[in-house]
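K.L.:
Sending over a structure as structure tokens; questions will come in a sec.
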Amino acid sequence: MTQDFFSEVAARIPFGGLESSDPLTYKVYEPDRLVLGKRMEDHLRISVAMWHSFASGGSDMFGSGTFDRPWLEDGLEPLAAGRAKLDAAFEFIAKLGVPFFCFHDRDIAPEGRTAAETKANLEAMVDYAGEQMARTGVRLLWGTANLFSHPRYAAGAATNPDPEVFAVAASQVKLVLEATKRLGGTNYVLWGGREGYDSLLNTDLAREETQLARFLSLVAEHKHRIGFKGTLLIEPKPHEPTKHQYDHDSAVVHGFLVRHDLAGEYRLNIEANHATLSGHSFHHEIAYAVANGMLGSVDANRGDYQNGWDTDQFPNSVDELSLAMYEILRGGGLTNGGFNFDAKLRRQSMARTDLFHGHIGGIDTLAQALLIGAAMVENGTLERLREERYAGWADKLGTSILSGGATLEDLERRVASGEIDPKPVSGHQELLENLVNQHVWAAQRRARTD
Ligand code: XUL
Ligand code: CO
């Protein structure tokens, strides 16, 4: 018997359109609407994150939890509380009407007194999640192991100076990878929570790199051994909780994977707020991943321009997301991946309905950005101008350089003779930015008149 936690929302959130005055309707998101020949729902593959939305009570380092979350109250029997949490989560996701969820092992199953008890707790809660998935039709986008909360991981998991900690982390990943397979997950994520350092004085960088590479090889080996067909994803982040994290950004992770012959085994899970913390834009990180065949999935959220930390707010900037969406669509879209709301309510947003408001706003923002990104692709002007800019590389000189047919001597001779004499050309940045704005504003007008 599942409990009812969101009775103020009677049924699935409907599409209301821009004129709707009901906050509990979608203004833009229409799952069945076709965009570039594909349903909106299949483009976006929205997922709700178990941790922020159901396993956290709203505490921060200055104060305790504020959220109205009966399943997190003190004194509940741990497994009964765990089942109530899953009841609440699946009721919410079904009412939100999105296809996926994501979880860490510790979001759904409490740590026991022994390793055996912890394992039994996980098995019981994974079974219960499976029942809830069957009841609601909600699917698993990805699972992951929490390798950062327990005190044993204070100095890292795979990169810990103690190999016994490595072993515990490895056993945890084995169990969650298997649970993810059992629940039909389409991806498995590794975020290097404390794989980094707080001080170089006690850190051996070379050793830690070797350990991390070994860990990721073991995970890939086990994936193949058990026949898990999903994609393994690494989620870059530059810092927080450690001062420096090894999976700094997309390019750093890609370089690491290539160095250790693992680039064929892993893709990237790119989080908007992690991108901005690393000093990049979100769409830079997406574009890098697309350019290198590494795009896997996205953690949707945003930071705050006044704060230098991971505020994990719900996304609300159509302008910024349109650029990311354009890069995703240019790259062929998300296939196995999705948009997982790794986003949390502000501590003052205490009501349970605020969970709906946060997600509805975020989903509508993604949907509107998708429409604009698609219009930019369909219109084709940006792509054409970009191609024209590089046209010389398709000509004789460009192809002879790239194919290795031209030596430095050849090039110097032709430049000295005046045969090669390039003229600077405009990059037209402002023109391009105006084109993007034109698409943003046109989409706003279309939405008003639809
Ligand atoms: C932390 C973060 C994690 C990962 C999963 O910043 O983003 O929630 O997404 O461990
Ligand atoms: Co994340």
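Labels for the structure tokens follow display order: chains A, B, ..., residues from 1 in each chain, ligands from 1.
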What residues have any atom no more than 7 Å from ligand 2 when counting only C-alpha atoms and all ligand atoms, and can you list them as an mmCIF file with N, CA and C atoms, in the first residue's frame?
P.N.:
data_model
loop_
_atom_site.group_PDB
_atom_site.id
_atom_site.type_symbol
_atom_site.label_atom_id
_atom_site.label_comp_id
_atom_site.auth_asym_id
_atom_site.auth_seq_id
_atom_site.Cartn_x
_atom_site.Cartn_y
_atom_site.Cartn_z
ATOM 1 N N GLU A 235 31.217 12.551 -14.554
ATOM 2 C CA GLU A 235 30.661 13.903 -14.409
ATOM 3 C C GLU A 235 31.760 14.856 -13.946
ATOM 4 N N GLU A 271 27.287 18.895 -16.205
ATOM 5 C CA GLU A 271 26.371 19.651 -15.338
ATOM 6 C C GLU A 271 26.612 21.146 -15.541
ATOM 7 N N ASP A 299 23.304 17.131 -16.470
ATOM 8 C CA ASP A 299 22.670 17.480 -15.193
ATOM 9 C C ASP A 299 22.231 18.935 -15.311
ATOM 10 N N ASP A 342 19.515 17.942 -11.492
ATOM 11 C CA ASP A 342 20.388 17.967 -10.319
ATOM 12 C C ASP A 342 20.252 19.375 -9.731
#
K.L.:
List as a PDB file with N, CA, C and O atoms, in the first residue's frame the protein and nucleic acid residues lying within 9 Å of ligand 1, with only C-alpha atoms and all ligand atoms counted.
P.N.:
ATOM      1  N   ALA A  49      15.982  13.985  -9.754  1.00  0.00           N
ATOM      2  CA  ALA A  49      17.079  13.472  -8.916  1.00  0.00           C
ATOM      3  C   ALA A  49      16.559  13.156  -7.517  1.00  0.00           C
ATOM      4  O   ALA A  49      15.986  14.016  -6.849  1.00  0.00           O
ATOM      5  N   TRP A  51      18.227  12.645  -4.813  1.00  0.00           N
ATOM      6  CA  TRP A  51      18.927  13.227  -3.660  1.00  0.00           C
ATOM      7  C   TRP A  51      18.369  14.598  -3.276  1.00  0.00           C
ATOM      8  O   TRP A  51      17.902  14.784  -2.134  1.00  0.00           O
ATOM      9  N   HIS A  52      18.406  15.557  -4.201  1.00  0.00           N
ATOM     10  CA  HIS A  52      17.981  16.908  -3.830  1.00  0.00           C
ATOM     11  C   HIS A  52      16.499  16.946  -3.481  1.00  0.00           C
ATOM     12  O   HIS A  52      16.083  17.668  -2.587  1.00  0.00           O
ATOM     13  N   CYS A 102      16.862   9.436 -11.231  1.00  0.00           N
ATOM     14  CA  CYS A 102      18.256   9.050 -10.986  1.00  0.00           C
ATOM     15  C   CYS A 102      18.451   8.910  -9.476  1.00  0.00           C
ATOM     16  O   CYS A 102      17.774   9.601  -8.705  1.00  0.00           O
ATOM     17  N   PHE A 103      19.365   8.055  -9.066  1.00  0.00           N
ATOM     18  CA  PHE A 103      19.581   7.892  -7.616  1.00  0.00           C
ATOM     19  C   PHE A 103      21.016   7.509  -7.292  1.00  0.00           C
ATOM     20  O   PHE A 103      21.735   6.943  -8.122  1.00  0.00           O
ATOM     21  N   HIS A 104      21.440   7.852  -6.061  1.00  0.00           N
ATOM     22  CA  HIS A 104      22.644   7.270  -5.446  1.00  0.00           C
ATOM     23  C   HIS A 104      22.149   6.140  -4.536  1.00  0.00           C
ATOM     24  O   HIS A 104      21.044   6.234  -3.978  1.00  0.00           O
ATOM     25  N   GLY A 143      21.989   5.256 -12.323  1.00  0.00           N
ATOM     26  CA  GLY A 143      22.279   5.036 -10.913  1.00  0.00           C
ATOM     27  C   GLY A 143      23.718   5.464 -10.657  1.00  0.00           C
ATOM     28  O   GLY A 143      24.510   5.608 -11.585  1.00  0.00           O
ATOM     29  N   THR A 144      24.050   5.651  -9.381  1.00  0.00           N
ATOM     30  CA  THR A 144      25.424   6.001  -9.010  1.00  0.00           C
ATOM     31  C   THR A 144      25.656   5.639  -7.548  1.00  0.00           C
ATOM     32  O   THR A 144      24.711   5.522  -6.773  1.00  0.00           O
ATOM     33  N   ALA A 145      26.932   5.460  -7.200  1.00  0.00           N
ATOM     34  CA  ALA A 145      27.276   5.143  -5.808  1.00  0.00           C
ATOM     35  C   ALA A 145      27.751   6.419  -5.121  1.00  0.00           C
ATOM     36  O   ALA A 145      28.534   7.179  -5.692  1.00  0.00           O
ATOM     37  N   ASN A 146      27.278   6.622  -3.906  1.00  0.00           N
ATOM     38  CA  ASN A 146      27.748   7.777  -3.129  1.00  0.00           C
ATOM     39  C   ASN A 146      29.092   7.407  -2.503  1.00  0.00           C
ATOM     40  O   ASN A 146      29.154   6.654  -1.528  1.00  0.00           O
ATOM     41  N   LEU A 147      30.160   7.952  -3.077  1.00  0.00           N
ATOM     42  CA  LEU A 147      31.527   7.659  -2.604  1.00  0.00           C
ATOM     43  C   LEU A 147      32.130   8.902  -1.968  1.00  0.00           C
ATOM     44  O   LEU A 147      33.332   9.149  -2.092  1.00  0.00           O
ATOM     45  N   PHE A 148      31.274   9.712  -1.316  1.00  0.00           N
ATOM     46  CA  PHE A 148      31.797  10.971  -0.768  1.00  0.00           C
ATOM     47  C   PHE A 148      31.229  11.363   0.591  1.00  0.00           C
ATOM     48  O   PHE A 148      31.817  12.161   1.289  1.00  0.00           O
ATOM     49  N   VAL A 189      26.572   6.566 -13.663  1.00  0.00           N
ATOM     50  CA  VAL A 189      27.397   7.774 -13.495  1.00  0.00           C
ATOM     51  C   VAL A 189      28.466   7.612 -12.421  1.00  0.00           C
ATOM     52  O   VAL A 189      28.224   7.000 -11.376  1.00  0.00           O
ATOM     53  N   LEU A 190      29.650   8.165 -12.708  1.00  0.00           N
ATOM     54  CA  LEU A 190      30.679   8.303 -11.676  1.00  0.00           C
ATOM     55  C   LEU A 190      31.013   9.781 -11.550  1.00  0.00           C
ATOM     56  O   LEU A 190      31.541  10.383 -12.493  1.00  0.00           O
ATOM     57  N   TRP A 191      30.639  10.348 -10.419  1.00  0.00           N
ATOM     58  CA  TRP A 191      31.076  11.712 -10.119  1.00  0.00           C
ATOM     59  C   TRP A 191      32.188  11.578  -9.082  1.00  0.00           C
ATOM     60  O   TRP A 191      31.984  10.946  -8.037  1.00  0.00           O
ATOM     61  N   GLY A 192      33.336  12.145  -9.353  1.00  0.00           N
ATOM     62  CA  GLY A 192      34.492  11.970  -8.456  1.00  0.00           C
ATOM     63  C   GLY A 192      34.403  12.882  -7.254  1.00  0.00           C
ATOM     64  O   GLY A 192      35.217  13.785  -7.087  1.00  0.00           O
ATOM     65  N   GLY A 193      33.438  12.629  -6.404  1.00  0.00           N
ATOM     66  CA  GLY A 193      33.135  13.482  -5.239  1.00  0.00           C
ATOM     67  C   GLY A 193      34.345  14.033  -4.510  1.00  0.00           C
ATOM     68  O   GLY A 193      34.513  15.239  -4.392  1.00  0.00           O
ATOM     69  N   GLU A 235      31.217  12.551 -14.554  1.00  0.00           N
ATOM     70  CA  GLU A 235      30.661  13.903 -14.409  1.00  0.00           C
ATOM     71  C   GLU A 235      31.760  14.856 -13.946  1.00  0.00           C
ATOM     72  O   GLU A 235      32.185  14.813 -12.795  1.00  0.00           O
ATOM     73  N   PRO A 236      32.243  15.746 -14.825  1.00  0.00           N
ATOM     74  CA  PRO A 236      33.320  16.659 -14.417  1.00  0.00           C
ATOM     75  C   PRO A 236      32.850  17.712 -13.409  1.00  0.00           C
ATOM     76  O   PRO A 236      31.684  18.123 -13.417  1.00  0.00           O
ATOM     77  N   LYS A 237      33.766  18.116 -12.560  1.00  0.00           N
ATOM     78  CA  LYS A 237      33.526  19.241 -11.627  1.00  0.00           C
ATOM     79  C   LYS A 237      34.902  19.723 -11.173  1.00  0.00           C
ATOM     80  O   LYS A 237      35.760  18.893 -10.858  1.00  0.00           O
ATOM     81  N   GLU A 240      35.002  21.588  -5.021  1.00  0.00           N
ATOM     82  CA  GLU A 240      33.859  21.419  -4.137  1.00  0.00           C
ATOM     83  C   GLU A 240      33.325  19.997  -4.224  1.00  0.00           C
ATOM     84  O   GLU A 240      32.700  19.668  -5.218  1.00  0.00           O
ATOM     85  N   PRO A 241      33.506  19.150  -3.222  1.00  0.00           N
ATOM     86  CA  PRO A 241      34.005  19.522  -1.897  1.00  0.00           C
ATOM     87  C   PRO A 241      35.521  19.694  -1.784  1.00  0.00           C
ATOM     88  O   PRO A 241      35.959  20.379  -0.858  1.00  0.00           O
ATOM     89  N   ASN A 269      28.919  13.199 -18.396  1.00  0.00           N
ATOM     90  CA  ASN A 269      27.653  13.741 -17.881  1.00  0.00           C
ATOM     91  C   ASN A 269      27.950  15.185 -17.485  1.00  0.00           C
ATOM     92  O   ASN A 269      28.645  15.440 -16.501  1.00  0.00           O
ATOM     93  N   ILE A 270      27.444  16.122 -18.278  1.00  0.00           N
ATOM     94  CA  ILE A 270      27.843  17.522 -18.101  1.00  0.00           C
ATOM     95  C   ILE A 270      26.807  18.278 -17.284  1.00  0.00           C
ATOM     96  O   ILE A 270      25.616  18.281 -17.623  1.00  0.00           O
ATOM     97  N   GLU A 271      27.287  18.895 -16.205  1.00  0.00           N
ATOM     98  CA  GLU A 271      26.371  19.651 -15.338  1.00  0.00           C
ATOM     99  C   GLU A 271      26.612  21.146 -15.541  1.00  0.00           C
ATOM    100  O   GLU A 271      27.753  21.622 -15.506  1.00  0.00           O
ATOM    101  N   ASN A 273      26.078  23.864 -13.709  1.00  0.00           N
ATOM    102  CA  ASN A 273      26.735  24.619 -12.643  1.00  0.00           C
ATOM    103  C   ASN A 273      28.201  24.210 -12.466  1.00  0.00           C
ATOM    104  O   ASN A 273      29.042  25.023 -12.075  1.00  0.00           O
ATOM    105  N   HIS A 274      28.526  22.963 -12.786  1.00  0.00           N
ATOM    106  CA  HIS A 274      29.932  22.548 -12.739  1.00  0.00           C
ATOM    107  C   HIS A 274      30.720  23.232 -13.857  1.00  0.00           C
ATOM    108  O   HIS A 274      31.877  23.609 -13.673  1.00  0.00           O
ATOM    109  N   ASP A 299      23.304  17.131 -16.470  1.00  0.00           N
ATOM    110  CA  ASP A 299      22.670  17.480 -15.193  1.00  0.00           C
ATOM    111  C   ASP A 299      22.231  18.935 -15.311  1.00  0.00           C
ATOM    112  O   ASP A 299      23.061  19.854 -15.403  1.00  0.00           O
ATOM    113  N   ASP A 310      28.485  25.829  -5.828  1.00  0.00           N
ATOM    114  CA  ASP A 310      27.548  25.010  -6.597  1.00  0.00           C
ATOM    115  C   ASP A 310      26.151  25.183  -5.991  1.00  0.00           C
ATOM    116  O   ASP A 310      25.755  24.422  -5.124  1.00  0.00           O
ATOM    117  N   ASP A 312      23.275  24.876  -7.442  1.00  0.00           N
ATOM    118  CA  ASP A 312      22.316  23.863  -7.932  1.00  0.00           C
ATOM    119  C   ASP A 312      20.888  24.389  -8.000  1.00  0.00           C
ATOM    120  O   ASP A 312      19.949  23.715  -7.558  1.00  0.00           O
ATOM    121  N   ASN A 340      18.779  15.505 -16.411  1.00  0.00           N
ATOM    122  CA  ASN A 340      18.466  15.158 -15.034  1.00  0.00           C
ATOM    123  C   ASN A 340      18.499  16.427 -14.182  1.00  0.00           C
ATOM    124  O   ASN A 340      19.499  17.149 -14.191  1.00  0.00           O
ATOM    125  N   ASP A 342      19.515  17.942 -11.492  1.00  0.00           N
ATOM    126  CA  ASP A 342      20.388  17.967 -10.319  1.00  0.00           C
ATOM    127  C   ASP A 342      20.252  19.375  -9.731  1.00  0.00           C
ATOM    128  O   ASP A 342      21.184  20.177  -9.748  1.00  0.00           O
ATOM    129  N   ALA A 343      19.057  19.665  -9.264  1.00  0.00           N
ATOM    130  CA  ALA A 343      18.705  21.020  -8.826  1.00  0.00           C
ATOM    131  C   ALA A 343      17.926  20.932  -7.524  1.00  0.00           C
ATOM    132  O   ALA A 343      17.141  20.005  -7.327  1.00  0.00           O
TER     133      ALA A 343
END
K.L.:
Fewer than 2 positions away in the same chain doesn't count, so skip those; otherwise give me all residues within 12 Å of stretch 392-397 of chain A, counting only C-alpha atoms, as a PyMOL selection string.
P.N.:
chain A and resi 387-390+399-407+410-411+414+419-420+422
K.L.:
Just the residues within 10 Å of A:Thr118, please, counting only C-alpha atoms, with nothing from its chain fewer than 6 positions along; format it as a list in words.
P.N.:
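Using only C-alpha atoms, the neighbours found are Asp105, Arg106, Ala109, Pro110, Glu111, Gly112 and Gln172 of chain A.
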K.L.:
Using DSSP secondary structure from the backbone, list all strand (DSSP E) positions within stretch 161-401 of chain A, as a VMD selection string.
P.N.:
chain A and resid 187 to 191 196 to 197 231 to 235 244 to 245 266 to 271 295 to 300 339 to 341
K.L.:
What is the atom CA of A:Pro161 to atom CA of A:Gln245 distance in Å?
P.N.:
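According to the coordinates, atom CA of A:Pro161 and atom CA of A:Gln245 are separated by 15.6 Å.
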K.L.:
Could you tell me, as an mmCIF file with C-alpha atoms, in the first residue's frame, which residues of stretch 204-402 of chain A DSSP assigns to helix (DSSP H, G or I) when given the backbone?
P.N.:
data_model
loop_
_atom_site.group_PDB
_atom_site.id
_atom_site.type_symbol
_atom_site.label_atom_id
_atom_site.label_comp_id
_atom_site.auth_asym_id
_atom_site.auth_seq_id
_atom_site.Cartn_x
_atom_site.Cartn_y
_atom_site.Cartn_z
ATOM 1 C CA LEU A 205 49.466 13.182 -7.774
ATOM 2 C CA ALA A 206 51.044 10.423 -9.863
ATOM 3 C CA ARG A 207 49.877 7.640 -7.563
ATOM 4 C CA GLU A 208 46.360 9.034 -7.343
ATOM 5 C CA GLU A 209 46.075 9.228 -11.127
ATOM 6 C CA THR A 210 47.139 5.586 -11.436
ATOM 7 C CA GLN A 211 44.632 4.526 -8.787
ATOM 8 C CA LEU A 212 41.766 6.411 -10.441
ATOM 9 C CA ALA A 213 42.573 4.904 -13.841
ATOM 10 C CA ARG A 214 42.674 1.417 -12.301
ATOM 11 C CA PHE A 215 39.314 2.020 -10.658
ATOM 12 C CA LEU A 216 37.683 3.147 -13.902
ATOM 13 C CA SER A 217 39.145 0.131 -15.733
ATOM 14 C CA LEU A 218 37.684 -2.213 -13.118
ATOM 15 C CA VAL A 219 34.253 -0.579 -13.482
ATOM 16 C CA ALA A 220 34.347 -0.929 -17.281
ATOM 17 C CA GLU A 221 35.476 -4.570 -16.981
ATOM 18 C CA HIS A 222 32.628 -5.352 -14.612
ATOM 19 C CA LYS A 223 30.116 -3.638 -16.874
ATOM 20 C CA HIS A 224 31.086 -6.021 -19.671
ATOM 21 C CA ARG A 225 31.250 -9.040 -17.356
ATOM 22 C CA ILE A 226 27.629 -8.568 -16.235
ATOM 23 C CA SER A 250 35.290 17.949 -20.050
ATOM 24 C CA ALA A 251 38.681 18.416 -21.695
ATOM 25 C CA VAL A 252 40.596 17.280 -18.601
ATOM 26 C CA VAL A 253 38.460 14.144 -18.221
ATOM 27 C CA HIS A 254 38.750 13.393 -21.928
ATOM 28 C CA GLY A 255 42.543 13.738 -21.776
ATOM 29 C CA PHE A 256 42.675 11.450 -18.728
ATOM 30 C CA LEU A 257 40.566 8.823 -20.484
ATOM 31 C CA VAL A 258 42.693 8.963 -23.641
ATOM 32 C CA ARG A 259 45.882 8.691 -21.527
ATOM 33 C CA ALA A 272 25.614 23.312 -16.039
ATOM 34 C CA ASN A 273 26.735 24.619 -12.643
ATOM 35 C CA HIS A 274 29.932 22.548 -12.739
ATOM 36 C CA ALA A 275 30.718 24.046 -16.146
ATOM 37 C CA THR A 276 30.412 27.593 -14.857
ATOM 38 C CA LEU A 277 32.441 26.742 -11.719
ATOM 39 C CA PHE A 282 27.700 25.351 -20.098
ATOM 40 C CA HIS A 283 27.527 25.355 -23.881
ATOM 41 C CA HIS A 284 31.330 25.293 -24.127
ATOM 42 C CA GLU A 285 31.361 22.055 -22.136
ATOM 43 C CA ILE A 286 28.620 20.588 -24.337
ATOM 44 C CA ALA A 287 30.377 21.730 -27.529
ATOM 45 C CA TYR A 288 33.675 20.201 -26.358
ATOM 46 C CA ALA A 289 31.961 16.887 -25.644
ATOM 47 C CA VAL A 290 30.153 16.887 -29.000
ATOM 48 C CA ALA A 291 33.343 17.781 -30.893
ATOM 49 C CA VAL A 318 16.193 30.438 -21.897
ATOM 50 C CA ASP A 319 18.937 32.554 -23.488
ATOM 51 C CA GLU A 320 21.756 30.469 -22.013
ATOM 52 C CA LEU A 321 20.077 27.127 -22.500
ATOM 53 C CA SER A 322 19.218 27.850 -26.138
ATOM 54 C CA LEU A 323 22.947 27.953 -26.918
ATOM 55 C CA ALA A 324 23.508 24.626 -25.137
ATOM 56 C CA MET A 325 20.490 23.102 -26.845
ATOM 57 C CA TYR A 326 21.776 24.269 -30.239
ATOM 58 C CA GLU A 327 25.083 22.465 -29.613
ATOM 59 C CA ILE A 328 23.258 19.313 -28.476
ATOM 60 C CA LEU A 329 21.036 19.299 -31.570
ATOM 61 C CA ARG A 330 24.009 19.965 -33.886
ATOM 62 C CA ASP A 354 7.519 23.970 -4.340
ATOM 63 C CA LEU A 355 8.969 20.749 -5.772
ATOM 64 C CA PHE A 356 6.401 21.042 -8.564
ATOM 65 C CA HIS A 357 7.111 24.719 -9.150
ATOM 66 C CA GLY A 358 10.886 24.163 -9.379
ATOM 67 C CA HIS A 359 10.557 21.288 -11.839
ATOM 68 C CA ILE A 360 7.767 22.813 -13.945
ATOM 69 C CA GLY A 361 9.774 26.004 -14.422
ATOM 70 C CA GLY A 362 12.936 24.102 -15.252
ATOM 71 C CA ILE A 363 11.169 21.811 -17.723
ATOM 72 C CA ASP A 364 9.435 24.719 -19.465
ATOM 73 C CA THR A 365 12.770 26.533 -19.737
ATOM 74 C CA LEU A 366 14.346 23.465 -21.361
ATOM 75 C CA ALA A 367 11.356 23.054 -23.683
ATOM 76 C CA GLN A 368 11.502 26.682 -24.824
ATOM 77 C CA ALA A 369 15.270 26.424 -25.329
ATOM 78 C CA LEU A 370 14.708 23.271 -27.366
ATOM 79 C CA LEU A 371 12.296 25.117 -29.671
ATOM 80 C CA ILE A 372 14.842 27.908 -30.164
ATOM 81 C CA GLY A 373 17.776 25.534 -30.689
ATOM 82 C CA ALA A 374 15.699 23.633 -33.252
ATOM 83 C CA ALA A 375 14.775 26.878 -35.046
ATOM 84 C CA MET A 376 18.480 27.755 -35.232
ATOM 85 C CA VAL A 377 19.249 24.339 -36.739
ATOM 86 C CA GLU A 378 16.330 24.493 -39.200
ATOM 87 C CA ASN A 379 17.153 28.016 -40.310
ATOM 88 C CA THR A 381 22.280 30.454 -41.292
ATOM 89 C CA LEU A 382 24.592 30.023 -38.311
ATOM 90 C CA GLU A 383 25.862 26.697 -39.624
ATOM 91 C CA ARG A 384 26.327 28.087 -43.122
ATOM 92 C CA LEU A 385 28.337 31.080 -41.852
ATOM 93 C CA ARG A 386 30.480 28.804 -39.716
ATOM 94 C CA GLU A 387 31.202 26.555 -42.702
ATOM 95 C CA GLU A 388 31.984 29.497 -44.949
ATOM 96 C CA ARG A 389 34.504 30.702 -42.393
ATOM 97 C CA ALA A 391 35.966 27.147 -46.611
ATOM 98 C CA GLY A 392 39.687 27.506 -47.352
ATOM 99 C CA TRP A 393 40.397 24.235 -45.593
ATOM 100 C CA ALA A 394 38.443 22.388 -48.276
ATOM 101 C CA LYS A 396 43.940 22.835 -52.335
ATOM 102 C CA LEU A 397 46.111 24.608 -49.766
ATOM 103 C CA GLY A 398 44.011 23.504 -46.773
ATOM 104 C CA THR A 399 43.805 19.862 -47.814
ATOM 105 C CA SER A 400 47.511 19.680 -48.655
ATOM 106 C CA ILE A 401 48.381 20.992 -45.153
ATOM 107 C CA LEU A 402 46.037 18.584 -43.385
#
K.L.:
Please indicate the distance in Å from atom CA of A:Asp304 to atom CA of A:Arg267, rounded to one decimal place.
P.N.:
27.1 Å
K.L.:
Give me, please, the distance in Å between atom CA of A:Gln313 and atom CA of A:Met50, quoted to one decimal.
P.N.:
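Computing it gives 15.2 Å between the two atoms.
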K.L.:
Check the smallest atom-to-atom distance from each of A:Asn121, A:Thr231, A:Asn307, A:Ser20 to A:Thr180 using only C-alpha atoms, then report the winner.
P.N.:
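Result for the nearest residue to A:Thr180: A:Thr231.
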K.L.:
Would you kindly return, as a list of chain:residue names, each protein, DNA or RNA residue with an atom no farther than 10 Å from any atom of A:His239, considering only C-alpha atoms and excluding same-chain residues fewer than 3 positions away?
P.N.:
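So, after excluding close chain neighbours, the residues are A:Gly193, A:Arg194, A:Glu195, A:Gly196, A:Tyr197, A:Asp198, A:Pro236, A:Thr242, A:Lys243, A:His244, A:Gln245, A:Tyr246, A:Asp247, A:His248, A:Asp249, A:His274, A:Leu277, A:Ser278, A:Trp309, A:Asp310.
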